[in-house]
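Take a look at the structure set out below.
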Amino acid sequence: MNPIGWIILAGIVAGIVRSIFGWAKSNEPFDGGKMLKSILRAAVGGAIVSYSLGIMDPVAAFFATLSTDVLAHDGYAAIKKTR
């Protein structure tokens with residue numbers, strides 16, 4: 001598999017981890033649609049960020065993806081809450 005494939009795979013895994021943590025924190029019933037959106041958002045965002053920063057290590061891409069998704073999702077929620 002080429003490096004971009006590994007980065008996308010790391011993004012998918014990071015999205016799965018992020019969505020499981022988000023679901024566990026929310027105390028809501030499981031929603032597959034939300035999980036799928038989180039996985040897709042993390043995979044695309046992580047691939048863009050990792051590739052643009054030149055990260056080709058899957059472990060580094062995983063953590064870059066996870067932190068990017070946390071910042072994007074929680075930052076958007078905080079901005080939305082203040083309005």
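For the structure tokens, the naming scheme is as follows: chains receive sequential letters (A, B, ...) according to their order of presentation, residues are indexed from 1 within each chain, and ligands are indexed from 1 in presentation order.
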Query - Near-A:Asp69 list (9 Å; only C-alpha atoms; drop same-chain fewer than 6 positions) as a list in words - result: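 Result of the neighbour search: Ala14, Gly15, Arg18, Ser38, Arg41, Ala42, Gly45 and Gly46 of chain A.
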Query - Selected residue, from A:Tyr51, A:Met56, A:Ser67, A:Ser19, that lies nearest to A:Gly33 when counting only C-alpha atoms - result: A:Ser19
Requested in this report: Find the spatial neighbours of stretch 59-64 of chain A, counting only C-alpha atoms, within a cut-off of 9 Å - ignore same-chain residues fewer than 4 positions away - and output them as a ChimeraX atom specification.
Outcome: /A:6-14,46-47,49-51,55,68-69
Report task. Write out as a VMD selection string each polymer residue whose atoms come within 9 Å of A:Val17, counting only C-alpha atoms; drop sequence neighbours fewer than 5 positions from it. Result -> chain A and resid 12 22 39 66
Write to file, as a short mmCIF file (atom, residue, chain, number, x, y, z; two decimals), in the first residue's frame, the residues of the selection just made, with C-alpha atoms.
```
data_model
loop_
_atom_site.label_atom_id
_atom_site.label_comp_id
_atom_site.auth_asym_id
_atom_site.auth_seq_id
_atom_site.Cartn_x
_atom_site.Cartn_y
_atom_site.Cartn_z
CA ILE A 12 -10.31 5.89 9.46
CA GLY A 22 -17.71 10.78 21.63
CA ILE A 39 -15.17 8.47 10.53
CA LEU A 66 -7.23 12.53 16.02
#
```
Report task. Measuring atom to atom with only C-alpha atoms, identify which of A:Ile79, A:Pro58, A:Val70, A:Lys25 is nearest to A:Met1. Result -> A:Pro58
Query - Selected residue of minimal separation from A:Ile48 among A:Gly32, A:Ile4, A:Trp23, A:Ile16, counting only C-alpha atoms - result: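 Using only C-alpha atoms, the shortest distance to A:Ile48 belongs to A:Ile4.
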